[in-house]
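Visitor: work21.txt is the file, holding compact mmCIF, C-alpha atoms and all ligand atoms:
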```txt
# COMPACT_ATOMS: atom_id res chain seq x y z
CA MET A 248 -32.69 5.67 7.69
CA LYS A 249 -33.93 2.26 6.61
CA ALA A 250 -31.98 -0.89 7.46
CA THR A 251 -32.58 -4.62 7.39
CA ILE A 252 -33.40 -6.40 10.63
CA LEU A 253 -33.66 -10.14 11.10
CA HIS A 254 -36.39 -10.74 13.70
CA ALA A 255 -36.68 -14.52 13.65
CA PRO A 256 -36.02 -17.37 11.23
CA GLY A 257 -37.66 -16.48 7.92
CA ASP A 258 -38.66 -13.02 9.18
CA VAL A 259 -36.47 -10.30 7.72
CA ARG A 260 -37.73 -6.69 7.41
CA LEU A 261 -36.63 -3.25 6.31
CA GLU A 262 -37.24 -0.86 9.21
CA ASP A 263 -36.44 2.62 10.48
CA VAL A 264 -33.30 2.86 12.59
CA SER A 265 -31.29 5.85 13.78
CA ASP A 266 -29.06 7.60 11.24
CA PRO A 267 -25.38 6.86 11.79
CA VAL A 268 -23.08 9.69 12.84
CA LEU A 269 -19.30 9.94 13.09
CA ALA A 270 -18.38 8.57 16.53
CA ALA A 271 -14.57 8.40 16.29
CA PRO A 272 -12.00 10.43 14.32
CA THR A 273 -11.19 7.31 12.27
CA ASP A 274 -14.81 6.76 11.15
CA ALA A 275 -16.48 7.30 7.81
CA ILE A 276 -20.14 7.40 6.89
CA VAL A 277 -20.93 5.58 3.65
CA ARG A 278 -24.14 5.88 1.63
CA VAL A 279 -24.76 2.36 0.38
CA THR A 280 -25.40 2.19 -3.37
CA ALA A 281 -25.46 -1.61 -3.67
CA ALA A 282 -25.51 -4.45 -1.17
CA CYS A 283 -26.26 -8.14 -1.28
CA VAL A 284 -27.36 -11.23 0.59
CA CYS A 285 -24.67 -13.76 1.49
CA GLY A 286 -25.02 -17.53 1.70
CA SER A 287 -23.88 -17.16 5.32
CA ASP A 288 -26.85 -14.81 6.01
CA LEU A 289 -28.99 -17.87 5.37
CA TRP A 290 -27.62 -19.69 8.44
CA PRO A 291 -29.52 -17.39 10.88
CA TYR A 292 -32.35 -16.86 8.36
CA ARG A 293 -32.95 -20.61 8.39
CA GLY A 294 -32.57 -20.80 12.16
CA VAL A 295 -29.46 -22.97 11.96
CA ASN A 296 -27.68 -20.21 13.90
CA LYS A 297 -30.04 -19.14 16.70
CA VAL A 298 -31.73 -15.75 16.46
CA THR A 299 -32.56 -14.68 20.01
CA ARG A 300 -33.36 -11.00 19.38
CA PRO A 301 -33.84 -8.64 16.41
CA THR A 302 -30.45 -8.27 14.70
CA ARG A 303 -29.07 -5.89 12.07
CA ILE A 304 -27.77 -7.89 9.14
CA GLY A 305 -25.73 -7.61 5.92
CA HIS A 306 -21.96 -7.53 5.50
CA GLU A 307 -21.40 -6.92 1.78
CA PHE A 308 -21.76 -3.40 0.41
CA VAL A 309 -20.30 -0.69 -1.77
CA GLY A 310 -21.16 2.97 -1.76
CA ILE A 311 -20.18 6.60 -1.68
CA VAL A 312 -18.32 8.23 1.20
CA GLU A 313 -20.52 10.95 2.70
CA GLU A 314 -18.39 12.12 5.63
CA VAL A 315 -15.02 11.27 7.16
CA GLY A 316 -13.59 11.82 10.62
CA PRO A 317 -10.61 14.18 11.07
CA SER A 318 -7.99 11.36 11.19
CA VAL A 319 -9.09 9.67 7.96
CA ARG A 320 -6.33 10.14 5.36
CA SER A 321 -7.04 7.91 2.36
CA LEU A 322 -10.68 8.82 1.68
CA ARG A 323 -12.71 11.88 0.81
CA PRO A 324 -16.43 12.55 0.56
CA GLY A 325 -17.59 11.49 -2.91
CA ASP A 326 -15.22 8.51 -3.17
CA PHE A 327 -16.67 5.19 -4.30
CA VAL A 328 -15.64 2.48 -1.83
CA ILE A 329 -15.76 -1.28 -1.43
CA ALA A 330 -16.16 -2.66 2.09
CA PRO A 331 -14.75 -6.06 3.05
CA PHE A 332 -17.08 -8.26 5.12
CA MET A 333 -15.30 -7.17 8.30
CA TYR A 334 -13.69 -3.92 9.36
CA SER A 335 -10.02 -3.83 10.33
CA ASP A 336 -7.25 -1.35 11.13
CA ASN A 337 -4.93 -2.92 8.54
CA SER A 338 -1.99 -2.18 10.84
CA CYS A 339 -1.97 -4.57 13.83
CA PRO A 340 0.38 -7.61 13.87
CA HIS A 341 -2.29 -9.89 12.38
CA CYS A 342 -3.20 -7.40 9.65
CA GLN A 343 0.48 -6.94 8.82
CA VAL A 344 0.82 -10.60 7.89
CA GLY A 345 -2.36 -10.34 5.80
CA ILE A 346 -4.92 -11.88 8.14
CA GLN A 347 -7.16 -8.81 8.45
CA SER A 348 -10.06 -11.14 9.26
CA ARG A 349 -8.41 -11.57 12.69
CA CYS A 350 -7.61 -7.89 13.22
CA ARG A 351 -7.11 -7.08 16.89
CA ALA A 352 -9.26 -3.97 16.53
CA GLY A 353 -11.63 -5.38 13.91
CA GLY A 354 -15.17 -6.63 14.01
CA PHE A 355 -18.33 -7.49 12.14
CA TRP A 356 -20.98 -5.29 10.54
CA GLY A 357 -24.38 -5.12 12.18
CA SER A 358 -23.16 -5.08 15.76
CA LYS A 359 -21.56 -2.72 18.25
CA ASP A 360 -17.85 -1.99 17.99
CA ARG A 361 -15.41 -2.01 20.89
CA ASN A 362 -16.61 1.43 21.97
CA GLY A 363 -20.22 0.25 22.08
CA VAL A 364 -21.27 2.15 18.96
CA MET A 365 -23.16 0.39 16.15
CA ALA A 366 -21.18 -0.51 13.02
CA ASP A 367 -24.26 -0.67 10.83
CA GLY A 368 -25.21 -3.72 8.79
CA GLY A 369 -24.59 -3.50 5.05
CA GLN A 370 -28.21 -4.10 4.00
CA GLY A 371 -29.28 -0.56 4.75
CA GLU A 372 -29.10 2.99 3.44
CA TYR A 373 -26.02 4.15 5.38
CA VAL A 374 -23.20 2.56 7.33
CA ARG A 375 -20.91 3.99 9.97
CA VAL A 376 -17.53 2.46 9.11
CA PRO A 377 -15.04 2.21 11.99
CA LEU A 378 -11.31 2.30 11.10
CA ALA A 379 -12.18 3.66 7.65
CA ASP A 380 -8.59 3.91 6.37
CA GLY A 381 -7.85 0.30 7.23
CA THR A 382 -11.18 -1.03 6.01
CA LEU A 383 -12.41 0.67 2.86
CA VAL A 384 -10.79 0.44 -0.56
CA SER A 385 -11.68 3.19 -3.02
CA THR A 386 -11.65 3.51 -6.79
CA ARG A 387 -10.09 6.47 -8.58
CA ASP A 388 -13.40 7.41 -10.20
CA VAL A 389 -16.99 6.54 -9.49
CA PRO A 390 -17.39 3.40 -11.63
CA ASP A 391 -20.05 2.83 -14.27
CA ASP A 392 -23.15 1.08 -13.04
CA ASP A 393 -22.45 -2.11 -15.00
CA VAL A 394 -19.15 -2.65 -13.11
CA VAL A 395 -20.75 -2.21 -9.68
CA PRO A 396 -21.92 -5.85 -9.27
CA SER A 397 -18.39 -7.12 -9.87
CA LEU A 398 -16.93 -4.63 -7.37
CA LEU A 399 -19.62 -5.61 -4.88
CA ALA A 400 -18.68 -9.28 -5.31
CA LEU A 401 -15.22 -8.39 -3.98
CA SER A 402 -16.61 -7.54 -0.54
CA ASP A 403 -16.93 -11.24 0.18
CA VAL A 404 -17.50 -14.01 -2.36
CA MET A 405 -14.69 -13.26 -4.83
CA GLY A 406 -12.16 -12.53 -2.10
CA THR A 407 -13.24 -15.69 -0.29
CA GLY A 408 -13.01 -17.87 -3.41
CA TRP A 409 -9.62 -16.30 -4.09
CA HIS A 410 -8.48 -17.16 -0.56
CA ALA A 411 -9.49 -20.80 -1.10
CA ALA A 412 -7.29 -20.95 -4.20
CA VAL A 413 -4.38 -19.22 -2.43
CA ALA A 414 -4.67 -21.56 0.58
CA ALA A 415 -4.82 -24.62 -1.69
CA GLY A 416 -1.65 -23.40 -3.42
CA VAL A 417 -3.07 -23.46 -6.96
CA GLN A 418 -0.22 -23.37 -9.50
CA GLU A 419 -0.05 -22.96 -13.24
CA GLY A 420 -0.94 -26.18 -15.02
CA ASP A 421 -2.73 -27.70 -12.01
CA THR A 422 -5.79 -29.87 -11.96
CA VAL A 423 -8.14 -28.24 -9.45
CA VAL A 424 -11.37 -29.53 -7.93
CA VAL A 425 -13.89 -27.03 -6.54
CA VAL A 426 -16.43 -28.41 -4.07
CA GLY A 427 -19.46 -26.14 -3.74
CA ASP A 428 -21.46 -24.33 -6.42
CA GLY A 429 -22.57 -21.35 -4.37
CA ALA A 430 -21.25 -17.91 -5.26
CA VAL A 431 -18.00 -18.59 -3.35
CA GLY A 432 -17.36 -21.87 -5.14
CA LEU A 433 -18.07 -20.24 -8.50
CA CYS A 434 -15.65 -17.43 -7.64
CA GLY A 435 -13.16 -20.14 -6.62
CA VAL A 436 -13.38 -21.47 -10.17
CA LEU A 437 -12.63 -17.98 -11.46
CA ALA A 438 -9.68 -17.63 -9.05
CA ALA A 439 -8.22 -20.98 -10.15
CA THR A 440 -8.54 -19.86 -13.76
CA ARG A 441 -6.65 -16.63 -13.00
CA MET A 442 -3.91 -18.63 -11.27
CA GLY A 443 -3.36 -20.68 -14.41
CA ALA A 444 -5.02 -23.99 -13.54
CA GLU A 445 -5.23 -26.16 -16.62
CA ARG A 446 -8.12 -28.35 -15.62
CA ILE A 447 -10.86 -27.20 -13.25
CA VAL A 448 -13.49 -29.64 -12.10
CA ALA A 449 -16.60 -27.93 -10.69
CA MET A 450 -19.02 -29.98 -8.61
CA SER A 451 -22.59 -28.92 -9.31
CA ARG A 452 -25.92 -30.45 -10.11
CA HIS A 453 -27.75 -27.19 -10.94
CA GLN A 454 -27.75 -26.14 -14.56
CA PRO A 455 -27.54 -22.34 -14.12
CA ARG A 456 -24.60 -22.80 -11.75
CA GLN A 457 -22.93 -25.28 -14.11
CA ARG A 458 -23.21 -22.70 -16.89
CA LEU A 459 -21.64 -20.02 -14.72
CA ALA A 460 -18.83 -22.37 -13.67
CA LEU A 461 -18.06 -23.10 -17.33
CA GLY A 462 -18.14 -19.36 -18.05
CA PHE A 463 -15.61 -18.81 -15.24
CA GLY A 464 -13.25 -21.40 -16.73
CA ALA A 465 -14.33 -24.81 -15.44
CA THR A 466 -13.38 -27.60 -17.86
CA ASP A 467 -15.37 -30.43 -16.27
CA ILE A 468 -18.63 -30.64 -14.34
CA VAL A 469 -19.28 -33.40 -11.84
CA ALA A 470 -22.91 -33.74 -10.76
CA ALA A 471 -22.28 -36.66 -8.38
CA ARG A 472 -21.85 -36.10 -4.65
CA GLY A 473 -19.89 -37.65 -1.80
CA ALA A 474 -18.02 -40.88 -2.46
CA ALA A 475 -19.48 -41.08 -5.97
CA ALA A 476 -18.01 -37.64 -6.77
CA VAL A 477 -14.59 -38.72 -5.51
CA GLN A 478 -14.81 -41.75 -7.76
CA VAL A 479 -15.56 -39.60 -10.82
CA VAL A 480 -12.61 -37.30 -10.03
CA MET A 481 -10.35 -40.32 -9.70
CA GLN A 482 -11.51 -41.55 -13.10
CA LEU A 483 -10.94 -38.11 -14.66
CA THR A 484 -7.40 -37.96 -13.23
CA GLU A 485 -6.46 -41.56 -14.00
CA GLY A 486 -6.41 -42.49 -10.34
CA VAL A 487 -4.11 -39.64 -9.26
CA GLY A 488 -6.46 -37.06 -7.73
CA ALA A 489 -6.38 -33.26 -7.87
CA ASP A 490 -3.29 -31.08 -7.36
CA ALA A 491 -5.37 -28.61 -5.34
CA VAL A 492 -8.89 -28.70 -3.93
CA LEU A 493 -11.13 -25.76 -2.95
CA GLU A 494 -13.69 -26.57 -0.25
CA CYS A 495 -16.33 -23.85 -0.41
CA VAL A 496 -19.27 -25.25 1.60
CA GLY A 497 -18.29 -26.08 5.18
CA THR A 498 -20.21 -29.29 5.85
CA GLY A 499 -18.82 -32.65 6.92
CA GLU A 500 -19.73 -34.18 3.55
CA SER A 501 -18.13 -31.43 1.48
CA MET A 502 -14.91 -31.64 3.49
CA SER A 503 -14.63 -35.40 3.17
CA THR A 504 -15.33 -35.11 -0.57
CA ALA A 505 -12.60 -32.47 -0.85
CA ILE A 506 -10.04 -34.50 1.08
CA GLY A 507 -10.98 -37.61 -0.91
CA CYS A 508 -10.29 -35.82 -4.22
CA ALA A 509 -6.83 -34.57 -3.18
CA ARG A 510 -3.80 -36.30 -4.63
CA PRO A 511 -1.00 -37.29 -2.24
CA GLY A 512 0.83 -34.11 -1.22
CA ALA A 513 -2.06 -31.80 -2.17
CA THR A 514 -3.69 -29.15 0.01
CA VAL A 515 -7.38 -28.51 0.51
CA GLY A 516 -8.09 -24.76 0.77
CA TYR A 517 -11.21 -24.35 2.89
CA VAL A 518 -13.28 -21.22 3.32
CA GLY A 519 -16.80 -22.46 4.11
CA ALA A 520 -17.75 -21.71 7.73
CA PRO A 521 -17.48 -25.20 9.27
CA HIS A 522 -20.68 -26.81 10.48
CA GLY A 523 -20.04 -30.32 11.80
CA VAL A 524 -16.68 -30.92 10.09
CA GLU A 525 -14.27 -33.60 11.33
CA TYR A 526 -10.96 -34.48 9.72
CA PRO A 527 -9.87 -38.02 8.80
CA VAL A 528 -6.40 -37.41 10.24
CA ARG A 529 -5.12 -40.95 9.66
CA ASP A 530 -6.00 -40.82 5.95
CA MET A 531 -4.51 -37.32 5.67
CA PHE A 532 -1.33 -38.51 7.37
CA GLU A 533 -0.90 -41.51 5.11
CA ARG A 534 -1.49 -39.50 1.93
CA ASN A 535 0.25 -36.28 3.06
CA VAL A 536 -2.91 -34.28 2.41
CA GLY A 537 -3.02 -30.88 4.09
CA VAL A 538 -5.81 -28.49 4.95
CA ALA A 539 -5.25 -24.73 4.99
CA GLY A 540 -7.40 -21.62 4.94
CA GLY A 541 -10.11 -20.23 7.16
CA MET A 542 -12.05 -16.99 7.38
CA ALA A 543 -10.93 -15.09 4.30
CA PRO A 544 -8.86 -11.93 4.80
CA VAL A 545 -10.72 -10.25 1.97
CA ARG A 546 -9.11 -6.88 2.71
CA GLN A 547 -5.71 -8.31 1.72
CA TYR A 548 -6.90 -9.15 -1.79
CA LEU A 549 -9.16 -6.13 -2.41
CA PRO A 550 -6.72 -3.75 -4.15
CA ARG A 551 -5.55 -6.39 -6.61
CA LEU A 552 -9.03 -7.74 -7.35
CA ARG A 553 -10.42 -4.19 -7.71
CA ASP A 554 -7.80 -3.50 -10.39
CA GLU A 555 -8.65 -6.74 -12.20
CA VAL A 556 -12.36 -5.87 -12.21
CA LEU A 557 -11.73 -2.33 -13.42
CA ALA A 558 -9.44 -3.66 -16.17
CA GLY A 559 -12.21 -6.06 -17.26
CA VAL A 560 -10.04 -9.11 -16.51
CA ILE A 561 -12.61 -10.69 -14.16
CA THR A 562 -16.37 -10.21 -13.89
CA PRO A 563 -17.37 -11.96 -10.67
CA GLY A 564 -20.61 -9.92 -10.67
CA ALA A 565 -22.01 -12.62 -12.97
CA VAL A 566 -22.95 -14.52 -9.78
CA PHE A 567 -25.84 -12.07 -9.23
CA ASP A 568 -28.95 -13.40 -10.91
CA LEU A 569 -31.52 -11.37 -9.00
CA GLU A 570 -31.64 -7.64 -8.40
CA VAL A 571 -34.34 -6.06 -6.22
CA PRO A 572 -34.87 -2.74 -4.45
CA LEU A 573 -33.78 -2.74 -0.80
CA ALA A 574 -37.47 -2.47 0.12
CA ASP A 575 -37.90 -6.03 -1.20
CA VAL A 576 -35.15 -7.48 0.97
CA ALA A 577 -37.49 -10.26 2.18
CA GLU A 578 -37.83 -11.51 -1.40
CA ALA A 579 -34.05 -11.35 -1.84
CA TYR A 580 -33.67 -13.75 1.09
CA ALA A 581 -36.56 -16.02 0.12
CA ALA A 582 -35.25 -16.41 -3.44
CA MET A 583 -31.84 -17.54 -2.20
CA ASP A 584 -33.32 -19.73 0.52
CA GLU A 585 -35.49 -21.53 -2.04
CA ARG A 586 -32.56 -21.70 -4.47
CA ARG A 587 -34.47 -19.62 -7.03
CA ALA A 588 -31.49 -17.27 -7.05
CA ILE A 589 -27.76 -17.88 -6.74
CA LYS A 590 -27.17 -14.45 -5.21
CA SER A 591 -29.41 -11.42 -4.68
CA LEU A 592 -28.29 -7.84 -5.21
CA LEU A 593 -30.06 -5.01 -3.35
CA ARG A 594 -30.30 -1.41 -4.51
CA PRO A 595 -31.17 1.10 -1.76
ZN ZN B 601 -5.55 -5.26 12.50
```
For the file at hand, write its structure as structure tokens.

Guide:
Amino acid sequence: MKATILHAPGDVRLEDVSDPVLAAPTDAIVRVTAACVCGSDLWPYRGVNKVTRPTRIGHEFVGIVEEVGPSVRSLRPGDFVIAPFMYSDNSCPHCQVGIQSRCRAGGFWGSKDRNGVMADGGQGEYVRVPLADGTLVSTRDVPDDDVVPSLLALSDVMGTGWHAAVAAGVQEGDTVVVVGDGAVGLCGVLAATRMGAERIVAMSRHQPRQRLALGFGATDIVAARGAAAVQVVMQLTEGVGADAVLECVGTGESMSTAIGCARPGATVGYVGAPHGVEYPVRDMFERNVGVAGGMAPVRQYLPRLRDEVLAGVITPGAVFDLEVPLADVAEAYAAMDERRAIKSLLRP
């Protein structure tokens, strides 16, 4: 089969790899029908995270179950499934409290599992899924093609934006600030809307992203950055600050902006993989500002968000503004890297 391999910074290729086969009774083989490129794929693509050898890549996909191992109970060949960005057993102590992203038996796509067998990357034609019952979430019917992008968005960005809003404790009537206008931040706006926020301030200086944020329910756009952005938020809230803040970037600047916008007693929900973040603990202590969140347990939210997509309540698939065949995966990366696209969808 064909699968995407990252060879070096800026060098991503679709190549022949061995076809996956069932390796454990709990496995499933999924034929990928749609996949996408994540903002976090750009860290190694840009060389920020070192690439020392050719690596399988891609962790967001949906598809059709082709085969299941003898112990798989919840899935049958022909089922349409959504994969979270990690696999998990959904039964260990960490999964039971809803932190499937720290599953004791779990792991990442595109690398070998605990038994030394490849759990294929999502940007390919097929994936061997370990722990299929605990990982995959199916739909009752094979969905129409126009719903697929929104279901695909649940594999990472929508679940991650949702987690930011949960961690920040967004309540009905709240004023919420969202830092970050990538797909996760935009989905965070949508999550805050669903949780009943009254005012949602989206920070963005890019017009297409501003438009999407407004479409997802943002009431205010702030184009300023850093201390200037905090100042604007303070003006908008008459010097009070936001009831909840979603930090969806992961840099030192975005975190200090987020903490600066929080009102006394508020929580910053953070989901951006931290790169050089330090906390101003003294300031947080004096203002009772908390930070909560981390790597999103997307699997926890999948059933609920799937139902909302299928009911037409949310359409997070609007974050995809480029769709290319899997063969053009290099263009999918380049477009996001150069900020020509917010998020690229791949069709094998
Ligand atoms: Zn687990």

Visitor: So which one's closest to Val556 of chain A, A:Asp428, A:Asp421, A:Glu314, A:Asp391? Using only C-alpha atoms, please.

Guide: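 Of the candidates, the smallest distance to Val556 of chain A is held by A:Asp391.
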
Visitor: Out of A:Leu493, A:Ile561, A:Ala513, A:Ala400, which residue has the shortest atom-to-atom distance to Val284 of chain A when counting all atoms listed in the file?

Guide: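 Closest candidate: A:Ala400.
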
Visitor: Which residues sit within 10 Å of ligand ZN 601 (chain B), counting all atoms listed in the file, listed as a ChimeraX atom specification?

Guide: /A:334-354,378,381-382

Visitor: Take the residues from that selection and put them in a file with C-alpha atoms, as a short mmCIF file (atom, residue, chain, number, x, y, z; two decimals), in the coordinates of the input.

Guide:
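Produced file part.cif, reproduced below:
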```
data_model
loop_
_atom_site.label_atom_id
_atom_site.label_comp_id
_atom_site.auth_asym_id
_atom_site.auth_seq_id
_atom_site.Cartn_x
_atom_site.Cartn_y
_atom_site.Cartn_z
CA TYR A 334 -13.69 -3.92 9.36
CA SER A 335 -10.02 -3.83 10.33
CA ASP A 336 -7.25 -1.35 11.13
CA ASN A 337 -4.93 -2.92 8.54
CA SER A 338 -1.99 -2.18 10.84
CA CYS A 339 -1.97 -4.57 13.83
CA PRO A 340 0.38 -7.61 13.87
CA HIS A 341 -2.29 -9.89 12.38
CA CYS A 342 -3.20 -7.40 9.65
CA GLN A 343 0.48 -6.94 8.82
CA VAL A 344 0.82 -10.60 7.89
CA GLY A 345 -2.36 -10.34 5.80
CA ILE A 346 -4.92 -11.88 8.14
CA GLN A 347 -7.16 -8.81 8.45
CA SER A 348 -10.06 -11.14 9.26
CA ARG A 349 -8.41 -11.57 12.69
CA CYS A 350 -7.61 -7.89 13.22
CA ARG A 351 -7.11 -7.08 16.89
CA ALA A 352 -9.26 -3.97 16.53
CA GLY A 353 -11.63 -5.38 13.91
CA GLY A 354 -15.17 -6.63 14.01
CA LEU A 378 -11.31 2.30 11.10
CA GLY A 381 -7.85 0.30 7.23
CA THR A 382 -11.18 -1.03 6.01
#
```

Visitor: Of the candidates A:Ser451, A:Thr280, A:Thr302, A:Gln370, which shows the shortest atom-to-atom distance to Asp392 of chain A, using all atoms listed in the file?

Guide: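 The shortest atom-to-atom distance to Asp392 of chain A comes from A:Thr280.
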
Visitor: Within 10 Å of Pro527 of chain A, counting only C-alpha atoms, which residues qualify if same-chain residues fewer than 5 places away don't, as an MDAnalysis selection string?

Guide: chainID A and resid 502:503 506:507 532

Visitor: Could you take the residues named above and write them with C-alpha atoms, as a PDB file, in the frame of the given file?

Guide:
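The resulting result.pdb:
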```pdb
ATOM      1  CA  MET A 502     -14.910 -31.640   3.490  1.00  0.00           C
ATOM      2  CA  SER A 503     -14.630 -35.400   3.170  1.00  0.00           C
ATOM      3  CA  ILE A 506     -10.040 -34.500   1.080  1.00  0.00           C
ATOM      4  CA  GLY A 507     -10.980 -37.610  -0.910  1.00  0.00           C
ATOM      5  CA  PHE A 532      -1.330 -38.510   7.370  1.00  0.00           C
TER       6      PHE A 532
END
```

Visitor: Which is closest to His410 of chain A among A:Pro377, A:Pro563, A:Gly443, A:Gly541, if we use only C-alpha atoms?

Guide: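 Among the listed residues, A:Gly541 lies closest to His410 of chain A.
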
Visitor: What is the distance between atom CA of Gln454 of chain A and atom CA of Val431 of chain A, in Å to one decimal?

Guide: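 The value is 16.7 Å.
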
Visitor: Would you pick out the contacts of Val515 of chain A at 6 Å or less, using all atoms listed in the file, so that residues sharing its chain but fewer than 2 positions from it are not included, and give the list as a list in words?

Guide: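 Surrounding residues, per the criterion: Ala415, Val492, Leu493 and Val538 of chain A.
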
Visitor: Which residues are near Ser591 of chain A? Cut-off 6 Å, all atoms listed in the file, ignore same chain within fewer than 6 positions. Put them as a list in words.

Guide: Cys283, Val284, Phe567, Leu569, Glu570 and Ala579 of chain A

Visitor: What lies within 8 Å of segment 433-438 of chain A using all atoms listed in the file, ignoring chain neighbours under 2 positions off, as a ChimeraX atom specification?

Guide: /A:404-405,407-409,411-412,425,427-431,440-442,447,449,456,459-460,463-465,493,495,561,563,566

Visitor: Mind checking which residues fall within 7 Å of Val376 of chain A, counting only C-alpha atoms, ignoring those fewer than 6 positions away in the same chain, and posting them as a list of chain:residue names?

Guide: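 Those residues are A:Asp274, A:Ala275, A:Ile276, A:Ala366.
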
Visitor: Atom CA of Pro331 of chain A and atom CA of Thr273 of chain A are how many Å apart?

Guide: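 The value is 16.6 Å.
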
Visitor: Hey, which of A:Arg361, A:Arg534, A:Arg375, A:Lys297 ends up closest to Val315 of chain A? Count all atoms listed in the file.

Guide: A:Arg375

Visitor: Which of these residues is nearest to Asp380 of chain A, using only C-alpha atoms: A:Leu322, A:Ile329, A:Val309, A:Leu398?

Guide: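 Checking each candidate against Asp380 of chain A, we get A:Leu322 as the closest.
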
Visitor: Rounded to one decimal place, report the atom CA of Glu555 of chain A-atom CA of Val413 of chain A distance in Å.

Guide: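 That distance, rounded to one decimal, is 16.4 Å.
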
Visitor: Using all atoms listed in the file, collect all residues at a distance of at most 12 Å from (-23.0, -6.4, 10.3) as written in the file, then present them as a PyMOL selection string.

Guide: chain A and resi 250-253+282+284-285+287-288+302-308+330-334+353-360+365-371+374-377

Visitor: Can I get segment 326-331 of chain A with all heavy atoms filled in, as a PDB file, keeping the file's coordinate frame?

Guide:
```pdb
ATOM      1  N   ASP A 326     -15.923   9.703  -2.691  1.00  0.00           N
ATOM      2  CA  ASP A 326     -15.220   8.510  -3.170  1.00  0.00           C
ATOM      3  C   ASP A 326     -16.158   7.302  -3.218  1.00  0.00           C
ATOM      4  O   ASP A 326     -16.979   7.105  -2.310  1.00  0.00           O
ATOM      5  CB  ASP A 326     -14.073   8.131  -2.214  1.00  0.00           C
ATOM      6  CG  ASP A 326     -12.838   9.003  -2.403  1.00  0.00           C
ATOM      7  OD1 ASP A 326     -12.793   9.754  -3.399  1.00  0.00           O
ATOM      8  OD2 ASP A 326     -11.932   8.941  -1.544  1.00  0.00           O
ATOM      9  N   PHE A 327     -15.987   6.482  -4.248  1.00  0.00           N
ATOM     10  CA  PHE A 327     -16.670   5.190  -4.300  1.00  0.00           C
ATOM     11  C   PHE A 327     -15.802   4.188  -3.549  1.00  0.00           C
ATOM     12  O   PHE A 327     -14.594   4.097  -3.784  1.00  0.00           O
ATOM     13  CB  PHE A 327     -16.845   4.733  -5.752  1.00  0.00           C
ATOM     14  CG  PHE A 327     -17.525   3.386  -5.888  1.00  0.00           C
ATOM     15  CD1 PHE A 327     -18.907   3.311  -6.043  1.00  0.00           C
ATOM     16  CD2 PHE A 327     -16.794   2.201  -5.841  1.00  0.00           C
ATOM     17  CE1 PHE A 327     -19.544   2.080  -6.156  1.00  0.00           C
ATOM     18  CE2 PHE A 327     -17.424   0.969  -5.947  1.00  0.00           C
ATOM     19  CZ  PHE A 327     -18.803   0.906  -6.116  1.00  0.00           C
ATOM     20  N   VAL A 328     -16.415   3.420  -2.648  1.00  0.00           N
ATOM     21  CA  VAL A 328     -15.640   2.480  -1.830  1.00  0.00           C
ATOM     22  C   VAL A 328     -16.259   1.090  -1.797  1.00  0.00           C
ATOM     23  O   VAL A 328     -17.472   0.920  -1.909  1.00  0.00           O
ATOM     24  CB  VAL A 328     -15.493   2.993  -0.371  1.00  0.00           C
ATOM     25  CG1 VAL A 328     -14.515   4.166  -0.297  1.00  0.00           C
ATOM     26  CG2 VAL A 328     -16.840   3.370   0.235  1.00  0.00           C
ATOM     27  N   ILE A 329     -15.368   0.118  -1.624  1.00  0.00           N
ATOM     28  CA  ILE A 329     -15.760  -1.280  -1.430  1.00  0.00           C
ATOM     29  C   ILE A 329     -15.435  -1.621   0.016  1.00  0.00           C
ATOM     30  O   ILE A 329     -14.336  -1.324   0.494  1.00  0.00           O
ATOM     31  CB  ILE A 329     -14.953  -2.208  -2.353  1.00  0.00           C
ATOM     32  CG1 ILE A 329     -15.021  -1.722  -3.802  1.00  0.00           C
ATOM     33  CG2 ILE A 329     -15.448  -3.655  -2.233  1.00  0.00           C
ATOM     34  CD1 ILE A 329     -13.882  -2.248  -4.664  1.00  0.00           C
ATOM     35  N   ALA A 330     -16.383  -2.252   0.703  1.00  0.00           N
ATOM     36  CA  ALA A 330     -16.160  -2.660   2.090  1.00  0.00           C
ATOM     37  C   ALA A 330     -15.938  -4.170   2.143  1.00  0.00           C
ATOM     38  O   ALA A 330     -16.721  -4.921   1.580  1.00  0.00           O
ATOM     39  CB  ALA A 330     -17.355  -2.290   2.946  1.00  0.00           C
ATOM     40  N   PRO A 331     -14.882  -4.628   2.805  1.00  0.00           N
ATOM     41  CA  PRO A 331     -14.750  -6.060   3.050  1.00  0.00           C
ATOM     42  C   PRO A 331     -15.797  -6.504   4.070  1.00  0.00           C
ATOM     43  O   PRO A 331     -16.401  -5.658   4.740  1.00  0.00           O
ATOM     44  CB  PRO A 331     -13.355  -6.218   3.633  1.00  0.00           C
ATOM     45  CG  PRO A 331     -12.756  -4.859   3.714  1.00  0.00           C
ATOM     46  CD  PRO A 331     -13.823  -3.846   3.453  1.00  0.00           C
TER      47      PRO A 331
END
```
